[in-house]
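Participant: One structure, pasted below without further comment.
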Amino acid sequence: MEALSLRDDLGDNSAVAAHNTLQLIAFSIGDQTYGVEITTVREIRAWNGATPLPNTREFVRGVINLRGTIVPIFDLRARFGDGKTSPTKNHVVVVMSVGDKWVGILVDAVSDILTVSRDDIHTVPEGNSIDTELLNGIVTHDSRMVGLIDLHAVVSGARVEV
Amino acid sequence: MSELDDFKATYFDECSELLTELEEQFAAIEAGERDADRLNAVFRAIHSIKGGAGAFGFSALVGFAHAYETLLDYVRDGRIELSDDVVTLCIRANDIVADHVKAVQTGEALPADYGMDEQRRFDLLARGQDGSDDELGGEVLEEFDIDFVPVMVNLGGDSADDEPPLADLAAPDAEDTFDFVPLQAEAGHWEIHFTPHRALYARANDPLLLFRELAVLGDMHVRAIIDDIPALADFEPFAVYCRWEITLVSATVTETMIREVFEFVEGDCDIAVSQLGAGNLRFDVPEPTEPAGKVSAEDRDLANFLELADDEVADVLNFAPEPPPAASTEQDTFEEAPGLSFAELIDTIQPSPPKPVAPPAALRTAPPSGGESEDGERRAVGVQSIRVDLDKVDRVVNMVGELVITQSMLTQQMDEHLRTRYTELVRGLEVLAQTARSLQDSVMAIRAQPVKSVFSRMPRLVRELATKTGKKIRLETIGENTEIDKTVIEQLSDPLTHMIRNSADHGIESPEKRLAAGKTEFGTVRLSAEQAGGNILIVVEDDGAGINRERVLQLARDKGIVAPDVQPTDEQIDQLIFAPGFSTASEVSDISGRGVGMDVVLSNIKKIGGSVHVRSWTGKGTRMTLRLPLTLAVLDVMLVKVGGSPYVVPLSSIVETIQCARASFERVPSGGQVLQVRGEYVQVIDLVQRFDMQTEVEADNRFVVLCEAEGSSKVALVVDDIIGQQQVVIKSLEENFERVEGIAGGTILGDGNVALIVDVQGLKTTIVHKSAA
């Protein structure tokens, strides 16, 4: 369901989509590149601290003030299970809209804007459920793999399970 | 579909306003102000509700409202005396109307015979008071979709039954026309001029269908006027060249019914309905009745003019001996019509009260009439207010909050160096600060509403209570124009109801007891509202027996609310009535005394950041004071630090703060701590542990914030540091995230950082939950 509605997001209101291409914002975590559809990105800002939220999973870094709205920040590295990021001023928060909510994702750096063809999106190889859960697909850019993040999956399950 | 829903929403908004108005009017009527204006206002309100209900097809509501309206009409023209019984019945009827409105709004079904008893009573009243109208009265009550006009032979006002279109419901004066001079016109002979515009056809309407529908109403004769059809060479395929004259003969038809037929093409055609009575009533104006042809162009001008100048003309017709300036400017146009001057028109019309009234008919809005005084004011008031979605206002409130915070951030950046160097900048910032503050005040004022809307429900309540208890109670309300935030007002109704019930049920004595105590037979409950600084004080005061402290204390001891060895002060005893599960009434009455009630008051008021205080004087009465914040958007908080992060605790729940070094903690078997404070043991929650954080602050330097959770049980929160007290704007966490345990929301501090609001109640319940598990 969630993946389905995301696919709808991708298809909607985008002149690019009509040409069967997709524009991505690419960002890096370590030396791996990931991407999200550019129309979901609202803002990119430097890491400037967040107020920690108690009783949440470790990948929830806290909340920030985005012009009067409280926006939660997810640590993508921690979400992938690679441990918490130790953020510096050089780290970047990508603010995106997921459904009707705005969320921020903490990444190491934003690298590029990519244009890829929808036909070039590969399915995520079955195997590890974390991969298939968190990625919508894989594209190749400059002979490197770019994982398409499934935002709904990333932001869900934020609460500590009792 | 969604458009219709919009209309419905508007209608329900208006209904709630109108119902409030009804309450107000009846409160005044009950107090003895039985003048015609009040009745007219009631009549208008009911009529407007009925009108809108008709448009949406809420037939049960229409039926009841109609029967009620008929009763009101009889009362208005004096055929039924406005006795106390009738007033009671009317008040009951208001409830039923309100229930009907609620039922259609929520989509619930009411019993089919709901309100039928009352309807029968209306019927009986109508019959009983006016035997001659027996048959008609009955008919009117049953066949509600025929308007009441046929009965009103002597009062007249055929144009009064003009169902106001929805848009007019907003204008309370839509019904003003019933003040018209009586008409003698005989019912039955109608002439209708129907000139479709191009748009009518463009929207796929077919005049034939309209005529068929008209034909159902009575004998109909249709004549098409096709003189305008040009030569084929000039013929424009989409133009409209045909109009119709229709004569309709029927004894029962009303103008409303005719207009209803054209309801859906309204605006896409010119429609004039006039009634032809006996020969002498024929309107002698060469108006569209004149067969078209050579003067058709002028006719159309005239018709247009009549539409445009409708209001002015109506004014002239009704009151003004000479045309008002507005009308005289139109005079020139008018004179173009052959053989007619404006003055003549007035002469023709004024002496003969029975007006077939083409002018008012040309527009569906009822022309103004009646005295300029009250109705004039009403109209002015109507124009000066607009309906705004509360969401939009909230957005502005939020943004202004941000503006104020940004402004204070800027001010904080100013150091001495900058101050001396950029004096102009500093001055600019100071002006900005002032503007931002006053902007904030103004925006808050938008959300503010007079407490009247809540207060106006209370007279009825008191009346009911008096009837049920056999006591004699008078309600005084003071300061009902005091304004509070809309959300606060919404939360106020229940607590206030409980408090007034309590005063009436427990406070005020029976008349005999009062007389024996040397008081007047009538007990007084005084309800007042006033602004005191940043708070609103709402006081419910009675001159009854006061709180029986001995009994309260005894009961509290019996129920274990007060320990046997504790001797509370008088004031503390008074506050006990707010303790959960406490009720002083020896018998549980229908009205109050189930032991819920006053503690509900307390928790409701606390929920909106207020407090309750009670003071009692034996034999003299009781005073309960509600202290409410002016607005909910701003919360008074204490800013604390927990593990390096800022948290805020609502000030309304804080009892006191204690330095840890001075606090006496004890251990309990579970490993947790309790705090001993003045003989009481209070559960301790260390926020650092609870929120799973680290702290470097030494235990002795930390602080205990003693809070009162719901139901007046206490909890001691341990925090690292207390920073200070301030006002914050509450922000939702759920908007972009989800509920977080122990956190009630967030707020943005002056430095732009987010602080979390501690949910005291939530923390306490989760602890209870854990220990139970």
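Letters A, B, ... go to the chains of the structure tokens in the order shown; residues in each chain start at 1; ligands are counted from 1 in the same order.
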Write out as a VMD selection string every residue belonging to chain A that has an atom at most 8 Å from any atom of chain B, counting only C-alpha atoms.
Facilitator: chain A and resid 50 to 56 63 to 65 67 to 72 100 to 103 159
Participant: Give me, as number ranges by chain, the residues of range 44-112 of chain A that a backbone DSSP run labels helix (DSSP H, G or I).
Facilitator: A: 76-79
Participant: What's the 8 Å shell around range 703-705 of chain B, counting only C-alpha atoms, without same-chain residues fewer than 5 positions away, as number ranges by chain?
Facilitator: B: 654-660, 663, 716-722
Participant: Please write the residues from the selection above to a file, keeping all heavy atoms, as a short mmCIF file (atom, residue, chain, number, x, y, z; two decimals), in the first residue's frame.
Facilitator:
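This went into again-v7.cif:
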data_model
loop_
_atom_site.label_atom_id
_atom_site.label_comp_id
_atom_site.auth_asym_id
_atom_site.auth_seq_id
_atom_site.Cartn_x
_atom_site.Cartn_y
_atom_site.Cartn_z
N ILE B 654 1.83 23.00 37.73
CA ILE B 654 2.91 23.00 38.72
C ILE B 654 2.40 23.50 40.08
O ILE B 654 1.73 24.52 40.16
CB ILE B 654 4.09 23.88 38.25
CG1 ILE B 654 4.68 23.26 36.97
CG2 ILE B 654 5.15 23.99 39.34
CD1 ILE B 654 5.85 24.03 36.42
N VAL B 655 2.70 22.74 41.11
CA VAL B 655 2.31 23.14 42.45
C VAL B 655 3.45 23.91 43.11
O VAL B 655 3.26 25.00 43.63
CB VAL B 655 1.95 21.92 43.32
CG1 VAL B 655 1.49 22.35 44.69
CG2 VAL B 655 0.90 21.08 42.63
N GLU B 656 4.62 23.31 43.08
CA GLU B 656 5.79 24.01 43.63
C GLU B 656 7.06 23.37 43.11
O GLU B 656 7.02 22.28 42.50
CB GLU B 656 5.77 23.96 45.15
CG GLU B 656 5.83 22.57 45.73
CD GLU B 656 5.87 22.58 47.26
OE1 GLU B 656 6.71 23.29 47.83
OE2 GLU B 656 5.02 21.89 47.85
N THR B 657 8.16 24.05 43.30
CA THR B 657 9.46 23.48 42.92
C THR B 657 10.35 23.43 44.15
O THR B 657 10.30 24.32 45.00
CB THR B 657 10.15 24.33 41.83
OG1 THR B 657 10.27 25.65 42.32
CG2 THR B 657 9.36 24.33 40.56
N ILE B 658 11.12 22.36 44.26
CA ILE B 658 11.97 22.16 45.43
C ILE B 658 13.36 21.78 44.95
O ILE B 658 13.49 21.01 43.99
CB ILE B 658 11.43 21.01 46.32
CG1 ILE B 658 9.93 21.18 46.54
CG2 ILE B 658 12.18 20.92 47.64
CD1 ILE B 658 9.24 19.92 46.99
N GLN B 659 14.37 22.31 45.59
CA GLN B 659 15.72 21.89 45.25
C GLN B 659 15.93 20.48 45.82
O GLN B 659 15.51 20.19 46.93
CB GLN B 659 16.73 22.85 45.85
CG GLN B 659 17.95 22.95 44.97
CD GLN B 659 18.94 23.95 45.48
OE1 GLN B 659 18.65 24.72 46.40
NE2 GLN B 659 20.11 23.96 44.87
N CYS B 660 16.60 19.62 45.04
CA CYS B 660 16.72 18.23 45.44
C CYS B 660 17.41 18.09 46.80
O CYS B 660 17.09 17.20 47.60
CB CYS B 660 17.47 17.43 44.40
SG CYS B 660 16.39 16.95 43.05
N ALA B 663 14.90 18.22 49.40
CA ALA B 663 13.75 17.33 49.32
C ALA B 663 14.06 16.03 50.03
O ALA B 663 15.21 15.58 50.07
CB ALA B 663 13.40 17.06 47.86
N ALA B 716 5.97 14.02 41.28
CA ALA B 716 7.17 14.86 41.39
C ALA B 716 8.11 14.55 40.24
O ALA B 716 8.57 13.42 40.09
CB ALA B 716 7.86 14.59 42.73
N LEU B 717 8.35 15.52 39.40
CA LEU B 717 9.27 15.35 38.29
C LEU B 717 10.64 15.86 38.70
O LEU B 717 10.76 16.95 39.25
CB LEU B 717 8.79 16.12 37.06
CG LEU B 717 7.36 15.87 36.59
CD1 LEU B 717 7.05 16.74 35.39
CD2 LEU B 717 7.17 14.40 36.24
N VAL B 718 11.67 15.07 38.41
CA VAL B 718 13.02 15.53 38.72
C VAL B 718 13.68 16.00 37.43
O VAL B 718 13.72 15.25 36.44
CB VAL B 718 13.85 14.41 39.38
CG1 VAL B 718 15.23 14.93 39.73
CG2 VAL B 718 13.14 13.91 40.63
N VAL B 719 14.15 17.23 37.44
CA VAL B 719 14.79 17.80 36.25
C VAL B 719 16.18 18.29 36.61
O VAL B 719 16.51 18.44 37.79
CB VAL B 719 13.94 18.95 35.67
CG1 VAL B 719 12.56 18.47 35.29
CG2 VAL B 719 13.85 20.11 36.64
N ASP B 720 16.99 18.57 35.60
CA ASP B 720 18.36 19.00 35.86
C ASP B 720 18.43 20.44 36.33
O ASP B 720 19.22 20.78 37.20
CB ASP B 720 19.21 18.85 34.59
CG ASP B 720 19.46 17.38 34.30
OD1 ASP B 720 19.14 16.55 35.17
OD2 ASP B 720 19.94 17.07 33.19
N ASP B 721 17.62 21.27 35.71
CA ASP B 721 17.73 22.69 36.03
C ASP B 721 16.42 23.38 35.70
O ASP B 721 15.68 22.93 34.81
CB ASP B 721 18.87 23.32 35.23
CG ASP B 721 19.29 24.66 35.82
OD1 ASP B 721 18.77 25.00 36.91
OD2 ASP B 721 20.10 25.35 35.18
N ILE B 722 16.16 24.45 36.41
CA ILE B 722 15.00 25.27 36.09
C ILE B 722 15.52 26.54 35.46
O ILE B 722 16.35 27.24 36.05
CB ILE B 722 14.17 25.56 37.35
CG1 ILE B 722 13.49 24.28 37.82
CG2 ILE B 722 13.13 26.63 37.07
CD1 ILE B 722 12.74 24.40 39.11
#
Participant: Between CA of Ile536 in chain B and CA of Val431 in chain B, what is the spacing in Å?
Facilitator: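 We find that CA of Val431 in chain B and CA of Ile536 in chain B lie 29.2 Å from each other.
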Participant: As a PyMOL selection string, please: the residues near Gln23 in chain A (cut-off 9 Å, only C-alpha atoms, same-chain neighbours under 6 positions excluded).
Facilitator: chain A and resi 16-17+36-39+113-117
Participant: Name all residues at most 10 Å from Arg457 in chain B (count only C-alpha atoms; drop same-chain ones fewer than 5 positions away) and give them as a JSON list (two decimals) with all heavy atoms, in the first residue's frame.
Facilitator:
[["chain", "number", "residue", "atom", "x", "y", "z"],
["B", 20, "THR", "N", -28.89, 30.11, 18.65],
["B", 20, "THR", "CA", -28.40, 30.94, 19.76],
["B", 20, "THR", "C", -29.27, 32.18, 19.90],
["B", 20, "THR", "O", -29.65, 32.58, 20.99],
["B", 20, "THR", "CB", -26.95, 31.37, 19.50],
["B", 20, "THR", "OG1", -26.22, 30.23, 19.10],
["B", 20, "THR", "CG2", -26.34, 31.97, 20.73],
["B", 23, "GLU", "N", -32.42, 31.41, 21.64],
["B", 23, "GLU", "CA", -32.22, 31.32, 23.08],
["B", 23, "GLU", "C", -32.23, 32.70, 23.71],
["B", 23, "GLU", "O", -32.87, 32.95, 24.72],
["B", 23, "GLU", "CB", -30.88, 30.65, 23.40],
["B", 23, "GLU", "CG", -30.79, 29.20, 23.00],
["B", 23, "GLU", "CD", -31.32, 28.28, 24.07],
["B", 23, "GLU", "OE1", -31.70, 28.78, 25.13],
["B", 23, "GLU", "OE2", -31.37, 27.06, 23.80],
["B", 24, "GLU", "N", -31.48, 33.59, 23.05],
["B", 24, "GLU", "CA", -31.39, 34.95, 23.59],
["B", 24, "GLU", "C", -32.74, 35.61, 23.64],
["B", 24, "GLU", "O", -33.13, 36.20, 24.63],
["B", 24, "GLU", "CB", -30.46, 35.79, 22.70],
["B", 24, "GLU", "CG", -29.02, 35.69, 23.07],
["B", 24, "GLU", "CD", -28.14, 36.34, 22.01],
["B", 24, "GLU", "OE1", -28.56, 37.36, 21.43],
["B", 24, "GLU", "OE2", -27.06, 35.80, 21.75],
["B", 27, "ALA", "N", -34.90, 34.21, 26.27],
["B", 27, "ALA", "CA", -34.45, 34.63, 27.60],
["B", 27, "ALA", "C", -35.07, 35.99, 27.91],
["B", 27, "ALA", "O", -35.55, 36.23, 29.02],
["B", 27, "ALA", "CB", -32.93, 34.69, 27.65],
["B", 452, "LYS", "N", -21.07, 35.31, 25.50],
["B", 452, "LYS", "CA", -22.52, 35.31, 25.34],
["B", 452, "LYS", "C", -23.04, 33.98, 24.80],
["B", 452, "LYS", "O", -24.07, 33.48, 25.25],
["B", 452, "LYS", "CB", -22.86, 36.41, 24.35],
["B", 452, "LYS", "CG", -24.22, 36.98, 24.44],
["B", 452, "LYS", "CD", -24.29, 37.93, 23.30],
["B", 452, "LYS", "CE", -25.34, 38.93, 23.34],
["B", 452, "LYS", "NZ", -25.06, 39.92, 22.30],
["B", 462, "VAL", "N", -31.40, 27.23, 34.06],
["B", 462, "VAL", "CA", -31.85, 27.63, 35.39],
["B", 462, "VAL", "C", -33.36, 27.46, 35.50],
["B", 462, "VAL", "O", -33.87, 26.97, 36.50],
["B", 462, "VAL", "CB", -31.44, 29.09, 35.67],
["B", 462, "VAL", "CG1", -32.12, 29.61, 36.91],
["B", 462, "VAL", "CG2", -29.93, 29.18, 35.81],
["B", 493, "SER", "N", -18.68, 25.28, 28.07],
["B", 493, "SER", "CA", -20.11, 25.03, 28.23],
["B", 493, "SER", "C", -20.39, 23.97, 29.31],
["B", 493, "SER", "O", -21.21, 24.19, 30.20],
["B", 493, "SER", "CB", -20.68, 24.59, 26.89],
["B", 493, "SER", "OG", -22.01, 24.30, 27.03],
["B", 497, "THR", "N", -22.22, 24.53, 32.92],
["B", 497, "THR", "CA", -23.49, 23.87, 33.17],
["B", 497, "THR", "C", -23.46, 23.15, 34.51],
["B", 497, "THR", "O", -24.38, 23.27, 35.32],
["B", 497, "THR", "CB", -23.78, 22.85, 32.05],
["B", 497, "THR", "OG1", -23.62, 23.53, 30.81],
["B", 497, "THR", "CG2", -25.17, 22.30, 32.15]]
Participant: What's the 8 Å shell around Arg615 in chain B, counting only C-alpha atoms, without same-chain residues fewer than 4 positions away, as a ChimeraX atom specification?
Facilitator: /B:571,574,622-624
Participant: Output the selection as a compact mmCIF listing (two decimals), in the first residue's frame - N, CA, C and O atoms for each residue.
Facilitator:
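Result saved to out.txt:
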# COMPACT_ATOMS: atom_id res chain seq x y z
N GLU B 571 -11.11 26.79 53.89
CA GLU B 571 -10.92 26.96 52.45
C GLU B 571 -10.61 25.62 51.79
O GLU B 571 -11.12 25.31 50.71
N ASP B 574 -13.74 23.68 51.39
CA ASP B 574 -14.53 24.16 50.25
C ASP B 574 -14.03 23.53 48.95
O ASP B 574 -14.82 23.12 48.10
N THR B 622 -22.35 30.91 47.95
CA THR B 622 -21.10 30.32 47.49
C THR B 622 -20.66 31.06 46.25
O THR B 622 -21.48 31.47 45.44
N ARG B 623 -19.35 31.21 46.13
CA ARG B 623 -18.84 31.82 44.90
C ARG B 623 -17.78 30.89 44.31
O ARG B 623 -16.83 30.52 44.99
N MET B 624 -17.99 30.52 43.05
CA MET B 624 -17.00 29.71 42.36
C MET B 624 -16.38 30.56 41.26
O MET B 624 -17.09 31.18 40.48
Participant: Would you mind reading off the distance between CA of Met116 in chain B and CA of Leu19 in chain B, one decimal, in Å?
Facilitator: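 Atom-to-atom, CA of Met116 in chain B and CA of Leu19 in chain B are spaced 20.0 Å apart.
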Participant: Between B:Phe262, B:Phe194, B:Trp617, B:Phe238, which is the closest to Leu209 in chain B once you count only C-alpha atoms?
Facilitator: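 Checking each candidate against Leu209 in chain B, we get B:Phe262 as the closest.
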Participant: Write out as number ranges by chain the residues lying within 8 Å of range 434-444 of chain B, counting only C-alpha atoms and excluding same-chain residues fewer than 5 positions away.
Facilitator: B: 393, 396-397, 400-401, 403-404, 407, 485, 631
Participant: If you measure from CA of Arg667 in chain B to CA of Ala556 in chain B, what distance in Å do you get, rounded to one decimal?
Facilitator: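 Separating CA of Arg667 in chain B from CA of Ala556 in chain B is a distance of 29.2 Å.
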Participant: Please report, as an MDAnalysis selection string, each residue of range 58-151 of chain A to which DSSP assigns strand (DSSP E) when run on this structure's backbone.
Facilitator: chainID A and resid 60:66 69:75 92:98 101:107 109:117 135:141 144:149
Participant: Atoms to include: N, CA and C atoms. Write the selected residues as a short mmCIF file (atom, residue, chain, number, x, y, z; two decimals), in the first residue's frame.
Facilitator:
data_model
loop_
_atom_site.label_atom_id
_atom_site.label_comp_id
_atom_site.auth_asym_id
_atom_site.auth_seq_id
_atom_site.Cartn_x
_atom_site.Cartn_y
_atom_site.Cartn_z
N VAL A 60 15.66 8.05 15.05
CA VAL A 60 14.97 9.33 15.13
C VAL A 60 15.89 10.29 15.87
N ARG A 61 16.45 11.23 15.13
CA ARG A 61 17.45 12.10 15.74
C ARG A 61 16.83 13.21 16.58
N GLY A 62 15.53 13.43 16.40
CA GLY A 62 14.90 14.49 17.16
C GLY A 62 14.06 15.35 16.25
N VAL A 63 13.77 16.53 16.73
CA VAL A 63 12.92 17.43 15.94
C VAL A 63 13.62 18.76 15.76
N ILE A 64 13.32 19.41 14.62
CA ILE A 64 13.85 20.75 14.39
C ILE A 64 12.69 21.69 14.10
N ASN A 65 13.01 22.96 14.17
CA ASN A 65 12.05 24.01 13.87
C ASN A 65 12.23 24.42 12.42
N LEU A 66 11.26 24.11 11.59
CA LEU A 66 11.34 24.54 10.20
C LEU A 66 10.30 25.64 10.00
N THR A 69 7.22 25.12 12.06
CA THR A 69 6.66 23.77 12.11
C THR A 69 7.70 22.84 12.71
N ILE A 70 7.23 21.89 13.49
CA ILE A 70 8.16 20.94 14.08
C ILE A 70 8.30 19.75 13.14
N VAL A 71 9.52 19.48 12.72
CA VAL A 71 9.78 18.45 11.73
C VAL A 71 10.73 17.42 12.34
N PRO A 72 10.38 16.13 12.27
CA PRO A 72 11.26 15.10 12.81
C PRO A 72 12.43 14.82 11.86
N ILE A 73 13.56 14.47 12.42
CA ILE A 73 14.74 14.16 11.61
C ILE A 73 15.10 12.69 11.78
N PHE A 74 15.25 12.02 10.65
CA PHE A 74 15.62 10.60 10.66
C PHE A 74 17.06 10.47 10.22
N ASP A 75 17.79 9.66 10.94
CA ASP A 75 19.18 9.42 10.60
C ASP A 75 19.19 8.22 9.65
N VAL A 92 24.05 17.14 6.13
CA VAL A 92 22.94 17.81 5.47
C VAL A 92 21.62 17.15 5.85
N VAL A 93 20.60 17.99 6.02
CA VAL A 93 19.26 17.48 6.25
C VAL A 93 18.44 17.75 5.00
N VAL A 94 17.89 16.69 4.42
CA VAL A 94 17.02 16.85 3.26
C VAL A 94 15.58 16.77 3.77
N VAL A 95 14.87 17.89 3.62
CA VAL A 95 13.48 17.92 4.10
C VAL A 95 12.57 17.50 2.95
N MET A 96 11.73 16.52 3.21
CA MET A 96 10.89 15.97 2.15
C MET A 96 9.46 15.85 2.63
N SER A 97 8.54 15.78 1.69
CA SER A 97 7.16 15.51 2.09
C SER A 97 6.84 14.06 1.78
N VAL A 98 6.34 13.40 2.81
CA VAL A 98 5.94 12.00 2.67
C VAL A 98 4.46 11.96 3.02
N LYS A 101 2.94 14.58 5.46
CA LYS A 101 3.87 14.99 6.51
C LYS A 101 5.20 15.44 5.92
N TRP A 102 5.84 16.31 6.67
CA TRP A 102 7.18 16.74 6.28
C TRP A 102 8.18 16.07 7.22
N VAL A 103 9.22 15.49 6.64
CA VAL A 103 10.24 14.87 7.47
C VAL A 103 11.61 15.29 6.94
N GLY A 104 12.58 15.23 7.83
CA GLY A 104 13.94 15.52 7.41
C GLY A 104 14.77 14.25 7.47
N ILE A 105 15.70 14.10 6.53
CA ILE A 105 16.57 12.93 6.55
C ILE A 105 18.01 13.42 6.65
N LEU A 106 18.71 12.89 7.64
CA LEU A 106 20.10 13.29 7.85
C LEU A 106 21.00 12.42 6.98
N VAL A 107 21.76 13.07 6.09
CA VAL A 107 22.68 12.34 5.21
C VAL A 107 24.05 13.01 5.27
N ALA A 109 26.02 14.00 2.61
CA ALA A 109 26.14 15.12 1.67
C ALA A 109 25.16 14.91 0.54
N VAL A 110 24.76 16.03 -0.08
CA VAL A 110 23.94 15.93 -1.28
C VAL A 110 24.88 16.06 -2.46
N SER A 111 24.82 15.12 -3.41
CA SER A 111 25.84 15.13 -4.44
C SER A 111 25.37 15.67 -5.78
N ASP A 112 24.15 15.36 -6.19
CA ASP A 112 23.85 15.64 -7.59
C ASP A 112 22.35 15.61 -7.83
N ILE A 113 21.98 16.10 -9.00
CA ILE A 113 20.61 15.87 -9.49
C ILE A 113 20.75 14.96 -10.70
N LEU A 114 20.08 13.84 -10.67
CA LEU A 114 20.21 12.86 -11.74
C LEU A 114 18.92 12.76 -12.52
N THR A 115 19.04 12.56 -13.81
CA THR A 115 17.87 12.27 -14.62
C THR A 115 18.01 10.84 -15.13
N VAL A 116 17.05 10.02 -14.79
CA VAL A 116 17.14 8.63 -15.20
C VAL A 116 15.84 8.24 -15.88
N SER A 117 15.90 7.23 -16.68
CA SER A 117 14.69 6.74 -17.34
C SER A 117 14.01 5.72 -16.43
N LEU A 135 14.23 0.08 0.02
CA LEU A 135 14.50 0.58 -1.33
C LEU A 135 13.35 0.23 -2.27
N ASN A 136 13.04 1.19 -3.12
CA ASN A 136 12.00 1.00 -4.13
C ASN A 136 12.56 0.37 -5.39
N GLY A 137 13.84 0.63 -5.62
CA GLY A 137 14.46 0.17 -6.85
C GLY A 137 15.90 0.62 -6.90
N ILE A 138 16.55 0.24 -7.96
CA ILE A 138 17.96 0.60 -8.11
C ILE A 138 18.16 1.14 -9.51
N VAL A 139 18.89 2.24 -9.63
CA VAL A 139 19.27 2.71 -10.98
C VAL A 139 20.79 2.79 -11.05
N THR A 140 21.26 2.83 -12.25
CA THR A 140 22.69 2.93 -12.44
C THR A 140 23.01 4.31 -12.98
N HIS A 141 23.98 4.95 -12.37
CA HIS A 141 24.39 6.26 -12.86
C HIS A 141 25.91 6.30 -12.81
N ARG A 144 27.54 3.52 -11.41
CA ARG A 144 27.47 3.28 -9.97
C ARG A 144 26.02 3.04 -9.58
N MET A 145 25.82 2.32 -8.52
CA MET A 145 24.46 2.02 -8.10
C MET A 145 23.89 3.16 -7.25
N VAL A 146 22.67 3.53 -7.59
CA VAL A 146 21.94 4.51 -6.79
C VAL A 146 20.68 3.83 -6.28
N GLY A 147 20.54 3.74 -4.97
CA GLY A 147 19.35 3.11 -4.39
C GLY A 147 18.23 4.14 -4.25
N LEU A 148 17.05 3.76 -4.73
CA LEU A 148 15.89 4.66 -4.59
C LEU A 148 15.22 4.40 -3.24
N ILE A 149 15.24 5.44 -2.41
CA ILE A 149 14.74 5.28 -1.05
C ILE A 149 13.22 5.21 -1.02
#
Participant: Name the closest residue to Ser652 in chain B among the candidates B:Phe582, B:Arg463, B:Asp636, B:Val668; distances are taken between atoms, counting only C-alpha atoms.
Facilitator: B:Asp636
